[in-house]
file model-v1.txt (compact mmCIF, N, CA and C atoms)
# COMPACT_ATOMS: atom_id res chain seq x y z
N MET A 151 0.85 -1.17 0.00
CA MET A 151 0.00 0.00 0.00
C MET A 151 0.90 1.24 0.00
N SER A 152 0.61 2.18 -0.89
CA SER A 152 1.42 3.39 -0.95
C SER A 152 1.16 4.25 0.29
N ASN A 153 2.08 5.14 0.57
CA ASN A 153 1.96 6.02 1.73
C ASN A 153 0.72 6.91 1.61
N ASP A 154 0.43 7.41 0.38
CA ASP A 154 -0.76 8.24 0.18
C ASP A 154 -2.03 7.48 0.52
N ARG A 155 -2.11 6.21 0.09
CA ARG A 155 -3.30 5.40 0.38
C ARG A 155 -3.42 5.13 1.88
N ALA A 156 -2.31 4.88 2.53
CA ALA A 156 -2.33 4.63 3.98
C ALA A 156 -2.81 5.88 4.71
N GLU A 157 -2.29 7.04 4.33
CA GLU A 157 -2.71 8.29 4.96
C GLU A 157 -4.17 8.58 4.68
N SER A 158 -4.64 8.28 3.47
CA SER A 158 -6.03 8.49 3.12
C SER A 158 -6.94 7.58 3.95
N LEU A 159 -6.54 6.34 4.15
CA LEU A 159 -7.32 5.41 4.96
C LEU A 159 -7.38 5.88 6.41
N VAL A 160 -6.26 6.32 6.96
CA VAL A 160 -6.23 6.83 8.33
C VAL A 160 -7.11 8.07 8.44
N PHE A 161 -7.01 8.98 7.45
CA PHE A 161 -7.84 10.19 7.45
C PHE A 161 -9.32 9.80 7.42
N HIS A 162 -9.67 8.85 6.58
CA HIS A 162 -11.07 8.41 6.47
C HIS A 162 -11.57 7.83 7.80
N LEU A 163 -10.80 6.94 8.41
CA LEU A 163 -11.20 6.33 9.67
C LEU A 163 -11.34 7.37 10.78
N LEU A 164 -10.36 8.26 10.87
CA LEU A 164 -10.39 9.29 11.90
C LEU A 164 -11.55 10.25 11.68
N THR A 165 -11.75 10.68 10.45
CA THR A 165 -12.84 11.59 10.13
C THR A 165 -14.19 10.96 10.45
N ASN A 166 -14.39 9.72 10.02
CA ASN A 166 -15.66 9.05 10.31
C ASN A 166 -15.92 8.94 11.80
N GLU A 167 -14.90 8.59 12.55
CA GLU A 167 -15.06 8.43 14.00
C GLU A 167 -15.38 9.77 14.67
N LEU A 168 -14.67 10.83 14.29
CA LEU A 168 -14.93 12.14 14.88
C LEU A 168 -16.33 12.64 14.56
N ILE A 169 -16.69 12.57 13.28
CA ILE A 169 -18.01 13.06 12.86
C ILE A 169 -19.12 12.23 13.51
N ALA A 170 -18.97 10.90 13.51
CA ALA A 170 -19.99 10.03 14.11
C ALA A 170 -20.15 10.31 15.61
N SER A 171 -19.08 10.76 16.25
CA SER A 171 -19.14 11.08 17.68
C SER A 171 -19.60 12.51 17.94
N GLY A 172 -19.92 13.24 16.87
CA GLY A 172 -20.42 14.60 17.02
C GLY A 172 -19.35 15.66 17.11
N TYR A 173 -18.10 15.32 16.83
CA TYR A 173 -17.00 16.27 16.88
C TYR A 173 -16.68 16.81 15.50
N GLY A 174 -16.13 18.00 15.46
CA GLY A 174 -15.63 18.57 14.23
C GLY A 174 -14.17 18.24 14.07
N LEU A 175 -13.59 18.69 12.97
CA LEU A 175 -12.17 18.49 12.74
C LEU A 175 -11.62 19.61 11.88
N ARG A 176 -10.31 19.70 11.85
CA ARG A 176 -9.60 20.65 10.99
C ARG A 176 -8.57 19.87 10.22
N PHE A 177 -8.34 20.28 8.96
CA PHE A 177 -7.30 19.66 8.16
C PHE A 177 -6.76 20.68 7.17
N GLN A 178 -5.60 20.39 6.63
CA GLN A 178 -4.98 21.29 5.66
C GLN A 178 -5.46 20.93 4.26
N ALA A 179 -6.05 21.90 3.58
CA ALA A 179 -6.55 21.70 2.22
C ALA A 179 -5.37 21.48 1.27
N MET A 180 -5.58 20.58 0.33
CA MET A 180 -4.57 20.30 -0.69
C MET A 180 -5.25 20.41 -2.05
N GLY A 181 -4.76 21.31 -2.88
CA GLY A 181 -5.34 21.46 -4.21
C GLY A 181 -5.90 22.85 -4.42
N ARG A 182 -6.33 23.06 -5.65
CA ARG A 182 -6.78 24.39 -6.06
C ARG A 182 -8.23 24.41 -6.53
N SER A 183 -8.96 23.33 -6.32
CA SER A 183 -10.31 23.23 -6.88
C SER A 183 -11.30 24.22 -6.26
N MET A 184 -11.01 24.74 -5.07
CA MET A 184 -11.95 25.65 -4.42
C MET A 184 -11.50 27.11 -4.46
N LEU A 185 -10.50 27.41 -5.28
CA LEU A 185 -10.10 28.80 -5.43
C LEU A 185 -11.25 29.62 -5.98
N PRO A 186 -11.46 30.83 -5.57
CA PRO A 186 -10.66 31.62 -4.63
C PRO A 186 -11.08 31.46 -3.17
N THR A 187 -12.11 30.66 -2.90
CA THR A 187 -12.63 30.55 -1.53
C THR A 187 -11.66 29.87 -0.59
N ILE A 188 -11.10 28.74 -1.01
CA ILE A 188 -10.14 27.99 -0.19
C ILE A 188 -8.89 27.75 -1.02
N ALA A 189 -7.76 28.20 -0.52
CA ALA A 189 -6.48 28.06 -1.23
C ALA A 189 -5.74 26.82 -0.73
N ASP A 190 -4.86 26.31 -1.56
CA ASP A 190 -4.00 25.19 -1.21
C ASP A 190 -3.21 25.55 0.04
N GLY A 191 -3.26 24.70 1.05
CA GLY A 191 -2.49 24.92 2.27
C GLY A 191 -3.27 25.56 3.40
N GLU A 192 -4.46 26.08 3.14
CA GLU A 192 -5.24 26.68 4.21
C GLU A 192 -5.84 25.59 5.10
N ILE A 193 -6.09 25.95 6.35
CA ILE A 193 -6.70 25.02 7.29
C ILE A 193 -8.22 25.16 7.18
N VAL A 194 -8.90 24.03 7.02
CA VAL A 194 -10.35 24.00 6.82
C VAL A 194 -11.00 23.39 8.06
N HIS A 195 -12.07 24.02 8.55
CA HIS A 195 -12.82 23.54 9.71
C HIS A 195 -14.09 22.86 9.23
N VAL A 196 -14.34 21.64 9.71
CA VAL A 196 -15.51 20.85 9.30
C VAL A 196 -16.30 20.46 10.54
N GLN A 197 -17.63 20.55 10.44
CA GLN A 197 -18.53 20.15 11.52
C GLN A 197 -19.50 19.09 11.02
N PRO A 198 -19.97 18.21 11.89
CA PRO A 198 -20.96 17.22 11.48
C PRO A 198 -22.25 17.91 11.04
N VAL A 199 -22.96 17.28 10.13
CA VAL A 199 -24.22 17.83 9.64
C VAL A 199 -25.08 16.69 9.11
N THR A 200 -26.37 16.83 9.21
CA THR A 200 -27.27 15.84 8.62
C THR A 200 -27.69 16.34 7.24
N GLY A 201 -28.07 15.41 6.38
CA GLY A 201 -28.43 15.73 5.01
C GLY A 201 -29.53 16.75 4.88
N ASN A 202 -30.52 16.72 5.79
CA ASN A 202 -31.63 17.67 5.66
C ASN A 202 -31.23 19.09 6.06
N MET A 203 -30.05 19.27 6.65
CA MET A 203 -29.56 20.60 7.02
C MET A 203 -28.75 21.24 5.90
N LEU A 204 -28.40 20.47 4.87
CA LEU A 204 -27.54 20.97 3.80
C LEU A 204 -28.35 21.75 2.78
N ARG A 205 -27.73 22.83 2.27
CA ARG A 205 -28.39 23.68 1.29
C ARG A 205 -27.46 23.96 0.12
N ILE A 206 -28.04 24.35 -0.97
CA ILE A 206 -27.26 24.77 -2.13
C ILE A 206 -26.37 25.93 -1.68
N GLY A 207 -25.11 25.87 -2.05
CA GLY A 207 -24.14 26.89 -1.66
C GLY A 207 -23.25 26.46 -0.52
N ASP A 208 -23.64 25.44 0.24
CA ASP A 208 -22.80 24.94 1.33
C ASP A 208 -21.57 24.24 0.76
N ILE A 209 -20.46 24.36 1.47
CA ILE A 209 -19.25 23.61 1.12
C ILE A 209 -19.21 22.40 2.04
N VAL A 210 -19.02 21.23 1.46
CA VAL A 210 -19.03 19.99 2.24
C VAL A 210 -17.75 19.21 2.02
N LEU A 211 -17.38 18.43 3.03
CA LEU A 211 -16.30 17.46 2.90
C LEU A 211 -16.95 16.16 2.49
N LEU A 212 -16.53 15.60 1.36
CA LEU A 212 -17.15 14.38 0.87
C LEU A 212 -16.09 13.39 0.44
N ARG A 213 -16.53 12.14 0.40
CA ARG A 213 -15.67 11.08 -0.11
C ARG A 213 -16.25 10.66 -1.45
N CYS A 214 -15.42 10.78 -2.47
CA CYS A 214 -15.84 10.48 -3.84
C CYS A 214 -14.84 9.47 -4.38
N GLY A 215 -15.25 8.20 -4.45
CA GLY A 215 -14.29 7.15 -4.81
C GLY A 215 -13.31 7.02 -3.67
N GLY A 216 -12.03 7.06 -3.96
CA GLY A 216 -11.02 6.99 -2.91
C GLY A 216 -10.50 8.35 -2.49
N GLU A 217 -11.11 9.42 -2.99
CA GLU A 217 -10.63 10.77 -2.72
C GLU A 217 -11.54 11.50 -1.75
N PHE A 218 -10.95 12.43 -1.03
CA PHE A 218 -11.70 13.35 -0.19
C PHE A 218 -11.68 14.70 -0.88
N LYS A 219 -12.82 15.36 -0.89
CA LYS A 219 -12.92 16.67 -1.54
C LYS A 219 -13.74 17.60 -0.66
N ALA A 220 -13.34 18.83 -0.63
CA ALA A 220 -14.17 19.88 -0.04
C ALA A 220 -14.71 20.66 -1.22
N HIS A 221 -15.96 20.40 -1.59
CA HIS A 221 -16.59 21.03 -2.74
C HIS A 221 -17.94 21.61 -2.35
N ARG A 222 -18.46 22.44 -3.23
CA ARG A 222 -19.69 23.16 -2.96
C ARG A 222 -20.90 22.43 -3.55
N ILE A 223 -22.00 22.43 -2.81
CA ILE A 223 -23.26 21.87 -3.32
C ILE A 223 -23.84 22.88 -4.31
N ILE A 224 -24.06 22.43 -5.54
CA ILE A 224 -24.65 23.32 -6.54
C ILE A 224 -26.08 22.93 -6.90
N ARG A 225 -26.47 21.69 -6.58
CA ARG A 225 -27.86 21.24 -6.78
C ARG A 225 -28.20 20.20 -5.72
N LYS A 226 -29.47 20.15 -5.40
CA LYS A 226 -29.94 19.18 -4.40
C LYS A 226 -31.21 18.53 -4.93
N ARG A 227 -31.22 17.20 -4.88
CA ARG A 227 -32.40 16.43 -5.31
C ARG A 227 -32.70 15.40 -4.23
N GLY A 228 -33.55 15.75 -3.29
CA GLY A 228 -33.88 14.85 -2.19
C GLY A 228 -32.65 14.56 -1.36
N GLU A 229 -32.25 13.29 -1.31
CA GLU A 229 -31.08 12.87 -0.55
C GLU A 229 -29.81 12.79 -1.41
N HIS A 230 -29.87 13.34 -2.61
CA HIS A 230 -28.72 13.34 -3.51
C HIS A 230 -28.31 14.79 -3.82
N PHE A 231 -27.01 14.96 -4.02
CA PHE A 231 -26.45 16.29 -4.24
C PHE A 231 -25.54 16.27 -5.45
N ILE A 232 -25.42 17.42 -6.10
CA ILE A 232 -24.43 17.62 -7.15
C ILE A 232 -23.45 18.63 -6.59
N THR A 233 -22.16 18.28 -6.60
CA THR A 233 -21.12 19.16 -6.06
C THR A 233 -20.10 19.49 -7.14
N ARG A 234 -19.38 20.59 -6.90
CA ARG A 234 -18.34 21.01 -7.83
C ARG A 234 -17.39 21.94 -7.07
N GLY A 235 -16.14 21.91 -7.46
CA GLY A 235 -15.18 22.87 -6.92
C GLY A 235 -15.45 24.24 -7.53
N ASN A 236 -15.20 25.30 -6.77
CA ASN A 236 -15.43 26.65 -7.28
C ASN A 236 -14.67 26.93 -8.57
N ALA A 237 -13.46 26.40 -8.68
CA ALA A 237 -12.62 26.67 -9.84
C ALA A 237 -12.90 25.72 -11.00
N GLY A 238 -13.78 24.76 -10.80
CA GLY A 238 -14.02 23.74 -11.81
C GLY A 238 -15.21 24.01 -12.69
N ILE A 239 -15.26 23.26 -13.78
CA ILE A 239 -16.40 23.30 -14.70
C ILE A 239 -17.23 22.04 -14.53
N ASP A 240 -16.54 20.90 -14.37
CA ASP A 240 -17.22 19.62 -14.24
C ASP A 240 -17.66 19.37 -12.81
N THR A 241 -18.80 18.69 -12.68
CA THR A 241 -19.30 18.34 -11.36
C THR A 241 -18.68 17.02 -10.91
N ASP A 242 -18.91 16.69 -9.66
CA ASP A 242 -18.46 15.41 -9.11
C ASP A 242 -19.47 14.30 -9.40
N GLY A 243 -20.54 14.62 -10.11
CA GLY A 243 -21.61 13.66 -10.35
C GLY A 243 -22.57 13.67 -9.17
N GLU A 244 -23.47 12.71 -9.14
CA GLU A 244 -24.44 12.65 -8.07
C GLU A 244 -23.80 12.06 -6.82
N ILE A 245 -23.93 12.77 -5.71
CA ILE A 245 -23.34 12.37 -4.44
C ILE A 245 -24.48 11.99 -3.49
N ARG A 246 -24.36 10.83 -2.89
CA ARG A 246 -25.34 10.40 -1.89
C ARG A 246 -25.05 11.10 -0.55
N CYS A 247 -26.07 11.22 0.22
CA CYS A 247 -25.94 11.87 1.53
C CYS A 247 -24.89 11.18 2.40
N ASP A 248 -24.79 9.85 2.30
CA ASP A 248 -23.83 9.12 3.15
C ASP A 248 -22.38 9.33 2.71
N GLN A 249 -22.15 9.95 1.56
CA GLN A 249 -20.79 10.27 1.12
C GLN A 249 -20.31 11.60 1.71
N ILE A 250 -21.24 12.37 2.25
CA ILE A 250 -20.89 13.67 2.83
C ILE A 250 -20.52 13.46 4.30
N LEU A 251 -19.30 13.85 4.63
CA LEU A 251 -18.77 13.63 5.97
C LEU A 251 -19.06 14.81 6.91
N GLY A 252 -19.20 16.01 6.36
CA GLY A 252 -19.47 17.18 7.19
C GLY A 252 -19.53 18.43 6.35
N ARG A 253 -19.90 19.54 6.99
CA ARG A 253 -19.98 20.84 6.32
C ARG A 253 -18.77 21.69 6.71
N VAL A 254 -18.17 22.32 5.72
CA VAL A 254 -17.05 23.23 5.95
C VAL A 254 -17.65 24.53 6.48
N ILE A 255 -17.22 24.93 7.66
CA ILE A 255 -17.79 26.12 8.29
C ILE A 255 -16.83 27.31 8.32
N ALA A 256 -15.52 27.03 8.18
CA ALA A 256 -14.55 28.12 8.28
C ALA A 256 -13.22 27.68 7.70
N LYS A 257 -12.33 28.66 7.55
CA LYS A 257 -10.95 28.38 7.13
C LYS A 257 -10.02 29.31 7.87
N GLU A 258 -8.76 28.91 7.92
CA GLU A 258 -7.70 29.75 8.46
C GLU A 258 -6.75 30.02 7.31
N PRO A 259 -6.72 31.27 6.81
CA PRO A 259 -5.82 31.58 5.71
C PRO A 259 -4.36 31.30 6.06
N ILE A 260 -3.56 31.04 5.04
CA ILE A 260 -2.13 30.80 5.23
C ILE A 260 -1.50 32.01 5.90
N ASN A 261 -0.60 31.77 6.83
CA ASN A 261 0.14 32.82 7.56
C ASN A 261 -0.78 33.72 8.38
N SER A 262 -1.88 33.19 8.86
CA SER A 262 -2.79 33.98 9.68
C SER A 262 -3.46 33.07 10.70
N ARG A 263 -3.72 33.60 11.86
CA ARG A 263 -4.45 32.83 12.86
C ARG A 263 -5.92 33.22 12.87
N ARG A 264 -6.29 34.10 11.96
CA ARG A 264 -7.66 34.57 11.85
C ARG A 264 -8.55 33.46 11.28
N VAL A 265 -9.75 33.33 11.79
CA VAL A 265 -10.70 32.34 11.29
C VAL A 265 -11.74 33.08 10.44
N VAL A 266 -11.92 32.61 9.21
CA VAL A 266 -12.88 33.21 8.27
C VAL A 266 -14.06 32.26 8.12
N ARG A 267 -15.25 32.73 8.45
CA ARG A 267 -16.46 31.91 8.34
C ARG A 267 -16.80 31.67 6.87
N LEU A 268 -17.20 30.45 6.56
CA LEU A 268 -17.58 30.09 5.20
C LEU A 268 -19.02 29.56 5.13
N ASP A 269 -19.75 29.65 6.22
CA ASP A 269 -21.10 29.08 6.23
C ASP A 269 -22.20 30.11 6.46
N GLY A 270 -21.89 31.37 6.34
CA GLY A 270 -22.88 32.41 6.59
C GLY A 270 -23.51 32.97 5.32
N ALA A 271 -24.34 33.97 5.51
CA ALA A 271 -25.07 34.60 4.41
C ALA A 271 -24.10 35.24 3.39
N ARG A 272 -23.03 35.83 3.88
CA ARG A 272 -22.08 36.48 2.97
C ARG A 272 -21.45 35.47 2.02
N SER A 273 -21.04 34.33 2.54
CA SER A 273 -20.43 33.28 1.71
C SER A 273 -21.43 32.76 0.69
N ARG A 274 -22.68 32.54 1.11
CA ARG A 274 -23.71 32.05 0.19
C ARG A 274 -24.00 33.09 -0.90
N PHE A 275 -24.06 34.37 -0.52
CA PHE A 275 -24.30 35.42 -1.50
C PHE A 275 -23.18 35.46 -2.54
N THR A 276 -21.94 35.35 -2.08
CA THR A 276 -20.79 35.34 -2.99
C THR A 276 -20.90 34.19 -3.98
N PHE A 277 -21.30 33.01 -3.48
CA PHE A 277 -21.47 31.86 -4.36
C PHE A 277 -22.56 32.12 -5.40
N PHE A 278 -23.72 32.59 -4.97
CA PHE A 278 -24.82 32.82 -5.92
C PHE A 278 -24.46 33.89 -6.94
N ALA A 279 -23.72 34.92 -6.52
CA ALA A 279 -23.29 35.95 -7.46
C ALA A 279 -22.31 35.37 -8.49
N SER A 280 -21.39 34.53 -8.05
CA SER A 280 -20.43 33.93 -8.99
C SER A 280 -21.14 32.96 -9.93
N GLU A 281 -22.16 32.25 -9.45
CA GLU A 281 -22.95 31.36 -10.32
C GLU A 281 -23.70 32.17 -11.37
N ALA A 282 -24.25 33.31 -10.99
CA ALA A 282 -24.95 34.16 -11.94
C ALA A 282 -23.99 34.66 -13.01
N ARG A 283 -22.78 35.07 -12.61
CA ARG A 283 -21.76 35.50 -13.59
C ARG A 283 -21.38 34.35 -14.52
N ARG A 284 -21.21 33.16 -13.96
CA ARG A 284 -20.83 31.99 -14.76
C ARG A 284 -21.90 31.68 -15.80
N ARG A 285 -23.15 31.70 -15.38
CA ARG A 285 -24.26 31.40 -16.30
C ARG A 285 -24.42 32.49 -17.36
N ALA A 286 -24.26 33.75 -16.96
CA ALA A 286 -24.36 34.85 -17.92
C ALA A 286 -23.25 34.75 -18.97
N ALA A 287 -22.05 34.45 -18.54
CA ALA A 287 -20.93 34.30 -19.48
C ALA A 287 -21.17 33.14 -20.43
N SER A 288 -21.68 32.04 -19.91
CA SER A 288 -21.98 30.88 -20.74
C SER A 288 -23.06 31.22 -21.77
N PHE A 289 -24.08 31.97 -21.35
CA PHE A 289 -25.14 32.38 -22.26
C PHE A 289 -24.60 33.28 -23.36
N VAL A 290 -23.76 34.25 -23.01
CA VAL A 290 -23.19 35.17 -23.99
C VAL A 290 -22.36 34.42 -25.01
N VAL A 291 -21.53 33.48 -24.56
CA VAL A 291 -20.71 32.70 -25.48
C VAL A 291 -21.59 31.87 -26.39
N SER A 292 -22.59 31.22 -25.84
CA SER A 292 -23.51 30.40 -26.63
C SER A 292 -24.27 31.25 -27.64
N PHE A 293 -24.74 32.41 -27.21
CA PHE A 293 -25.50 33.31 -28.09
C PHE A 293 -24.64 33.83 -29.21
N SER A 294 -23.39 34.21 -28.92
CA SER A 294 -22.50 34.76 -29.93
C SER A 294 -22.10 33.71 -30.96
N ARG A 295 -22.04 32.45 -30.58
CA ARG A 295 -21.74 31.38 -31.53
C ARG A 295 -22.91 31.13 -32.47
N LYS A 296 -24.12 31.28 -31.99
CA LYS A 296 -25.32 31.05 -32.79
C LYS A 296 -25.62 32.24 -33.70
N ASN A 297 -25.18 33.44 -33.32
CA ASN A 297 -25.47 34.66 -34.06
C ASN A 297 -24.19 35.42 -34.37
N PRO A 298 -23.43 34.92 -35.35
CA PRO A 298 -22.13 35.58 -35.64
C PRO A 298 -22.25 36.96 -36.21
call {"tool": "encode", "arguments": {"input": "model-v1.txt", "output": "structure tokens"}}
result
Amino acid sequence: MSNDRAESLVFHLLTNELIASGYGLRFQAMGRSMLPTIADGEIVHVQPVTGNMLRIGDIVLLRCGGEFKAHRIIRKRGEHFITRGNAGIDTDGEIRCDQILGRVIAKEPINSRRVVRLDGARSRFTFFASEARRRAASFVVSFSRKNP
């Protein structure tokens, strides 16, 4: 077993145990999929949550295949969710409620001890505004291709 797989298994076991016991956790984000909201290397705070408490715009920690991702809910269909990284175009596909380990509530920026909330009205507004810009840009590109 590679070291990455061993660390991933330990992270999964520890995360499941903490969340199941009602505790939150913090971990260092790796990757750029949530830019500009969460940067590579920032500390992310996760709290337990039930599926009926999750809303579009929430950032969740999920297990997708053998990977862990902190991605945003962009659609909700009953007990199933569609998630995507802020910087991405493609979704993670349909995610079951049991794949979601917790909700990201805050981050600690690199080189700062300040905690920035990511689960409030301001964060949700920023997400909805960026989604509106994304859709408007997509519409303009599509329209300009159809009407040269």
call {"tool": "atom_distance", "arguments": {"input": "model-v1.txt", "atom1": "CA of Ser288 in chain A", "atom2": "atom N of Asp269 in chain A"}}
result
27.1 Å
call {"tool": "residues_around", "arguments": {"input": "model-v1.txt", "residues": "range 180-189 of chain A", "least_positions_apart": "6", "cutoff": "9 Å", "atoms": "only C-alpha atoms", "output": "number ranges by chain"}}
result
A: 219-222, 234-238, 257, 259-260, 268, 273
call {"tool": "atom_distance", "arguments": {"input": "model-v1.txt", "atom1": "atom N of Thr276 in chain A", "atom2": "atom N of Gly207 in chain A"}}
result
10.0 Å
call {"tool": "atom_distance", "arguments": {"input": "model-v1.txt", "atom1": "CA of Ala279 in chain A", "atom2": "CA of Leu211 in chain A"}}
result
22.3 Å
call {"tool": "select_by_dssp", "arguments": {"input": "model-v1.txt", "residues": "chain A", "states": "strand (DSSP E)", "output": "PyMOL selection string"}}
result
chain A and resi 175-178+193-197+209-214+217-227+230-234+244-246+250-258+266-267
call {"tool": "closest_residue", "arguments": {"input": "model-v1.txt", "among": "A:Gln249, A:Asn261, A:Ser292, A:Thr200", "to": "Cys214 in chain A", "atoms": "only N, CA and C atoms"}}
result
A:Gln249
call {"tool": "axis_aligned_box", "arguments": {"input": "model-v1.txt", "around": "range 208-211 of chain A", "padding_each_side": "3 Å", "output": "JSON"}}
result
{"center_x": -20.0, "center_y": 20.8, "center_z": 1.6, "size_x": 13.3, "size_y": 15.3, "size_z": 8.8}
call {"tool": "closest_residue", "arguments": {"input": "model-v1.txt", "among": "A:His162, A:Arg267, A:Arg227, A:Arg213", "to": "Asp242 in chain A", "atoms": "only C-alpha atoms"}}
result
A:Arg213
call {"tool": "closest_residue", "arguments": {"input": "model-v1.txt", "among": "A:Gly228, A:Pro298, A:Gly252, A:Gly243", "to": "Asn166 in chain A", "atoms": "only C-alpha atoms"}}
result
A:Gly252
call {"tool": "residues_near_point", "arguments": {"input": "model-v1.txt", "point": "(-26.5, 30.7, -8.1)", "cutoff": "10 Å", "atoms": "only C-alpha atoms", "output": "PyMOL selection string"}}
result
chain A and resi 206-207+224-225+274-285
call {"tool": "closest_residue", "arguments": {"input": "model-v1.txt", "among": "A:Thr241, A:Ala179, A:Glu192, A:Leu251", "to": "Thr165 in chain A", "atoms": "only N, CA and C atoms"}}
result
A:Leu251
call {"tool": "select_by_dssp", "arguments": {"input": "model-v1.txt", "residues": "range 166-294 of chain A", "states": "helix (DSSP H, G or I)", "output": "ChimeraX atom specification"}}
result
/A:166-170,201-203,247-249,271-294
call {"tool": "decode", "arguments": {"input": "model-v1.txt", "residues": "range 211-218 of chain A", "atoms": "all heavy atoms", "output": "PDB file, in the first residue's frame"}}
result
ATOM      1  N   LEU A 211     -17.380  18.428   3.030  1.00  0.00           N
ATOM      2  CA  LEU A 211     -16.299  17.462   2.896  1.00  0.00           C
ATOM      3  C   LEU A 211     -16.952  16.159   2.486  1.00  0.00           C
ATOM      4  O   LEU A 211     -17.857  15.677   3.165  1.00  0.00           O
ATOM      5  CB  LEU A 211     -15.540  17.294   4.213  1.00  0.00           C
ATOM      6  CG  LEU A 211     -14.445  16.217   4.212  1.00  0.00           C
ATOM      7  CD1 LEU A 211     -13.338  16.561   3.216  1.00  0.00           C
ATOM      8  CD2 LEU A 211     -13.879  16.036   5.612  1.00  0.00           C
ATOM      9  N   LEU A 212     -16.529  15.600   1.362  1.00  0.00           N
ATOM     10  CA  LEU A 212     -17.150  14.380   0.869  1.00  0.00           C
ATOM     11  C   LEU A 212     -16.092  13.387   0.437  1.00  0.00           C
ATOM     12  O   LEU A 212     -14.946  13.740   0.190  1.00  0.00           O
ATOM     13  CB  LEU A 212     -18.098  14.692  -0.293  1.00  0.00           C
ATOM     14  CG  LEU A 212     -17.485  15.343  -1.527  1.00  0.00           C
ATOM     15  CD1 LEU A 212     -17.364  14.344  -2.643  1.00  0.00           C
ATOM     16  CD2 LEU A 212     -18.356  16.493  -1.967  1.00  0.00           C
ATOM     17  N   ARG A 213     -16.531  12.142   0.396  1.00  0.00           N
ATOM     18  CA  ARG A 213     -15.674  11.080  -0.111  1.00  0.00           C
ATOM     19  C   ARG A 213     -16.250  10.656  -1.451  1.00  0.00           C
ATOM     20  O   ARG A 213     -17.405  10.261  -1.538  1.00  0.00           O
ATOM     21  CB  ARG A 213     -15.622   9.908   0.849  1.00  0.00           C
ATOM     22  CG  ARG A 213     -14.661   8.863   0.323  1.00  0.00           C
ATOM     23  CD  ARG A 213     -14.308   7.860   1.363  1.00  0.00           C
ATOM     24  NE  ARG A 213     -13.338   6.951   0.757  1.00  0.00           N
ATOM     25  CZ  ARG A 213     -12.489   6.244   1.418  1.00  0.00           C
ATOM     26  NH1 ARG A 213     -12.445   6.340   2.708  1.00  0.00           N
ATOM     27  NH2 ARG A 213     -11.664   5.435   0.802  1.00  0.00           N
ATOM     28  N   CYS A 214     -15.422  10.784  -2.467  1.00  0.00           N
ATOM     29  CA  CYS A 214     -15.842  10.476  -3.836  1.00  0.00           C
ATOM     30  C   CYS A 214     -14.835   9.471  -4.384  1.00  0.00           C
ATOM     31  O   CYS A 214     -13.706   9.840  -4.682  1.00  0.00           O
ATOM     32  CB  CYS A 214     -15.872  11.755  -4.658  1.00  0.00           C
ATOM     33  SG  CYS A 214     -16.602  11.607  -6.279  1.00  0.00           S
ATOM     34  N   GLY A 215     -15.248   8.195  -4.452  1.00  0.00           N
ATOM     35  CA  GLY A 215     -14.290   7.153  -4.813  1.00  0.00           C
ATOM     36  C   GLY A 215     -13.305   7.024  -3.666  1.00  0.00           C
ATOM     37  O   GLY A 215     -13.681   6.938  -2.514  1.00  0.00           O
ATOM     38  N   GLY A 216     -12.034   7.064  -3.955  1.00  0.00           N
ATOM     39  CA  GLY A 216     -11.017   6.988  -2.915  1.00  0.00           C
ATOM     40  C   GLY A 216     -10.500   8.348  -2.494  1.00  0.00           C
ATOM     41  O   GLY A 216      -9.554   8.437  -1.721  1.00  0.00           O
ATOM     42  N   GLU A 217     -11.113   9.416  -2.993  1.00  0.00           N
ATOM     43  CA  GLU A 217     -10.634  10.767  -2.720  1.00  0.00           C
ATOM     44  C   GLU A 217     -11.541  11.498  -1.748  1.00  0.00           C
ATOM     45  O   GLU A 217     -12.740  11.247  -1.693  1.00  0.00           O
ATOM     46  CB  GLU A 217     -10.590  11.588  -4.015  1.00  0.00           C
ATOM     47  CG  GLU A 217      -9.612  11.110  -5.046  1.00  0.00           C
ATOM     48  CD  GLU A 217      -9.628  12.031  -6.258  1.00  0.00           C
ATOM     49  OE1 GLU A 217     -10.721  12.304  -6.784  1.00  0.00           O
ATOM     50  OE2 GLU A 217      -8.545  12.463  -6.654  1.00  0.00           O
ATOM     51  N   PHE A 218     -10.951  12.428  -1.027  1.00  0.00           N
ATOM     52  CA  PHE A 218     -11.704  13.348  -0.186  1.00  0.00           C
ATOM     53  C   PHE A 218     -11.683  14.699  -0.883  1.00  0.00           C
ATOM     54  O   PHE A 218     -10.651  15.128  -1.389  1.00  0.00           O
ATOM     55  CB  PHE A 218     -11.067  13.471   1.200  1.00  0.00           C
ATOM     56  CG  PHE A 218     -11.164  12.207   1.978  1.00  0.00           C
ATOM     57  CD1 PHE A 218     -10.153  11.269   1.945  1.00  0.00           C
ATOM     58  CD2 PHE A 218     -12.297  11.946   2.742  1.00  0.00           C
ATOM     59  CE1 PHE A 218     -10.248  10.093   2.654  1.00  0.00           C
ATOM     60  CE2 PHE A 218     -12.398  10.774   3.457  1.00  0.00           C
ATOM     61  CZ  PHE A 218     -11.374   9.841   3.415  1.00  0.00           C
TER      62      PHE A 218
END
